[in-house]
Amino acid sequence: MKLRDVICLIEKRIPLRWAEDWDNPGLQVGDPGSEISKIGIALDVSEETVSKASERGCSLLVSHHPIIFRPLRNIIPDRPAARAVVSAIKNGVALYAAHTNWDSSPEGVNFTLAELLGLDDIAPLKDPSDGTSWGMGAVGELMVPLPLETVTGLIRERWSLSCCRAYRTGPAMIKRIALGGGSCGDMWPFAADKGASLFVTADISYHDRQDALNFGLGLVEVDHGEMERASLPKLRSIIEKETGLTVELISETERESYTI
């Protein structure tokens with residue numbers, strides 16, 4: 001199947017128009033006329049994920065985070081992003097990103113995270129400005145109120161997290177939970193407005209954390225990559241169904257590479 005046709009099928013389910021204005025999803029590297037027989041999926045594009053994709057016969061690597069996000073002034077392999085791009089070109093691996101359009105999909109990052117937690121009545125935390133996508137973040141309710149310690153254990157288990165950090169100033173028992181996949185610390189006011197007693201996200205700034213806690217909103221901070229990685233099996237299933245091609249999850253040795 002031609003790359004351009006694969007892209008059309010992916011974007012039928014996850015249109016680029018759902019992405020935020022500042023984002024850069026879509027085809028990053030590759031010839032639209034090239035043949036694609038197998039697809040790899042990874043959270044990030046790196047030399048490692050490109051190499052693994054190539055070794056496994058994948059001629060397209062779909063990532064959540066765009067490898068080309070900020071403008072590249074040159075493509076000289078003295079930086080990780082440039083090395084990954086050079087490696088992709090050398091190995092004939094096209095690169096495609098589904099970023100905030102996947103975040104705001106009714107099947108995407110945020111809905112999947114809420115679904116994995118077993119939340120009921122799942123709704124977007126922030127409605128889309130253009131009214132076309134599902135929206136950003138998610139909010140829903142547990143079947144019964146649970147202590148914060150139990151909720152954090154559930155989050156770690158269901159999202160396969162190495163750790164998470166909880167802060168509480170509000171109710172001891174948690175029922176209504178809001179979440180924002182990735183760096184969504186500045187969305188805590190939406191969680192408060194939607195009546196959540198707990199907001200779960202990554203990369204919370206000091207001031208956002210203090211403001212949320214002073215408002216009485218409980219917080220759970222998790223790893224950005226681990227949180228979003230939980231949605232990749234769903235993305236794999238969608239692309240496999242739409243294209244009819246074999247789609248393989250490309251694992252990264254992130255946990256083994258760093259000492260915490």
# chains A, B, ... in the order shown; residues from 1 in each chain; ligands from 1
$ residues_around --residues "Leu235 of chain A" --least-positions-apart "2" --cutoff "9 Å" --atoms "only C-alpha atoms" --output "ChimeraX atom specification"
/A:41,102,107-109,231-233,237-240
$ residues_around --residues "Ser251 of chain A" --least-positions-apart "4" --cutoff "9 Å" --atoms "only C-alpha atoms" --output "count of residues only"
5
$ closest_residue --among "A:Ala94, A:Ala84, A:Met136, A:Lys175" --to "Val151 of chain A" --atoms "only C-alpha atoms"
A:Lys175
$ atom_distance --atom1 "atom CA of Ala191 of chain A" --atom2 "atom CA of Ile155 of chain A"
17.3 Å
$ select_by_dssp --residues "segment 88-168 of chain A" --states "strand (DSSP E or B)" --output "list in words"
Ala94, Leu95, Tyr96, Ala97, Asp120, Asp121, Ile122, Ala123, Lys126, Met136, Ala138, Val139, Gly140, Glu141, Leu142, Met143, Val144, Pro145, Leu146, Pro147, Cys164, Arg165, Ala166 and Tyr167 of chain A
$ write_last_selection --atoms "N, CA and C atoms" --output "mmCIF file, in the first residue's frame"
data_model
loop_
_atom_site.group_PDB
_atom_site.id
_atom_site.type_symbol
_atom_site.label_atom_id
_atom_site.label_comp_id
_atom_site.auth_asym_id
_atom_site.auth_seq_id
_atom_site.Cartn_x
_atom_site.Cartn_y
_atom_site.Cartn_z
ATOM 1 N N ALA A 94 9.666 5.783 6.873
ATOM 2 C CA ALA A 94 8.916 7.034 6.900
ATOM 3 C C ALA A 94 8.478 7.322 8.331
ATOM 4 N N LEU A 95 8.360 8.597 8.666
ATOM 5 C CA LEU A 95 7.981 9.011 10.022
ATOM 6 C C LEU A 95 6.695 9.817 9.969
ATOM 7 N N TYR A 96 5.757 9.439 10.825
ATOM 8 C CA TYR A 96 4.448 10.097 10.881
ATOM 9 C C TYR A 96 4.080 10.281 12.346
ATOM 10 N N ALA A 97 3.484 11.429 12.690
ATOM 11 C CA ALA A 97 3.116 11.710 14.075
ATOM 12 C C ALA A 97 1.622 11.971 14.215
ATOM 13 N N ASP A 120 -16.811 6.163 34.779
ATOM 14 C CA ASP A 120 -18.112 6.213 34.121
ATOM 15 C C ASP A 120 -18.412 7.635 33.663
ATOM 16 N N ASP A 121 -19.347 7.769 32.708
ATOM 17 C CA ASP A 121 -19.789 9.071 32.214
ATOM 18 C C ASP A 121 -18.610 9.945 31.792
ATOM 19 N N ILE A 122 -17.737 9.369 30.979
ATOM 20 C CA ILE A 122 -16.522 10.079 30.561
ATOM 21 C C ILE A 122 -16.879 11.211 29.594
ATOM 22 N N ALA A 123 -16.337 12.388 29.870
ATOM 23 C CA ALA A 123 -16.570 13.568 29.032
ATOM 24 C C ALA A 123 -15.258 14.323 28.882
ATOM 25 N N LYS A 126 -11.976 19.759 28.496
ATOM 26 C CA LYS A 126 -12.019 21.056 27.817
ATOM 27 C C LYS A 126 -12.622 20.847 26.434
ATOM 28 N N MET A 136 -10.129 18.111 24.795
ATOM 29 C CA MET A 136 -8.879 17.800 25.489
ATOM 30 C C MET A 136 -9.159 17.369 26.917
ATOM 31 N N ALA A 138 -9.982 14.659 30.098
ATOM 32 C CA ALA A 138 -11.169 13.841 30.334
ATOM 33 C C ALA A 138 -11.581 13.962 31.791
ATOM 34 N N VAL A 139 -12.861 13.737 32.054
ATOM 35 C CA VAL A 139 -13.377 13.742 33.423
ATOM 36 C C VAL A 139 -14.445 12.663 33.521
ATOM 37 N N GLY A 140 -14.493 11.986 34.643
ATOM 38 C CA GLY A 140 -15.486 10.935 34.847
ATOM 39 C C GLY A 140 -15.521 10.539 36.309
ATOM 40 N N GLU A 141 -16.317 9.527 36.623
ATOM 41 C CA GLU A 141 -16.512 9.144 38.017
ATOM 42 C C GLU A 141 -16.231 7.668 38.249
ATOM 43 N N LEU A 142 -15.636 7.390 39.398
ATOM 44 C CA LEU A 142 -15.496 6.020 39.861
ATOM 45 C C LEU A 142 -16.865 5.489 40.276
ATOM 46 N N MET A 143 -17.029 4.187 40.261
ATOM 47 C CA MET A 143 -18.312 3.608 40.652
ATOM 48 C C MET A 143 -18.629 3.914 42.116
ATOM 49 N N VAL A 144 -17.581 3.883 42.962
ATOM 50 C CA VAL A 144 -17.750 4.201 44.387
ATOM 51 C C VAL A 144 -16.579 5.075 44.817
ATOM 52 N N PRO A 145 -16.765 5.938 45.827
ATOM 53 C CA PRO A 145 -15.650 6.744 46.322
ATOM 54 C C PRO A 145 -14.546 5.854 46.902
ATOM 55 N N LEU A 146 -13.301 6.237 46.640
ATOM 56 C CA LEU A 146 -12.150 5.476 47.124
ATOM 57 C C LEU A 146 -11.150 6.413 47.793
ATOM 58 N N PRO A 147 -10.378 5.918 48.768
ATOM 59 C CA PRO A 147 -9.316 6.739 49.371
ATOM 60 C C PRO A 147 -8.257 7.085 48.324
ATOM 61 N N CYS A 164 4.098 7.456 40.989
ATOM 62 C CA CYS A 164 3.309 8.681 40.863
ATOM 63 C C CYS A 164 3.365 9.426 42.189
ATOM 64 N N ARG A 165 3.132 10.716 42.139
ATOM 65 C CA ARG A 165 3.206 11.563 43.331
ATOM 66 C C ARG A 165 1.856 12.217 43.563
ATOM 67 N N ALA A 166 1.333 12.059 44.777
ATOM 68 C CA ALA A 166 0.001 12.582 45.090
ATOM 69 C C ALA A 166 0.083 13.716 46.096
ATOM 70 N N TYR A 167 -0.798 14.691 45.908
ATOM 71 C CA TYR A 167 -0.948 15.821 46.829
ATOM 72 C C TYR A 167 -2.438 15.956 47.123
#
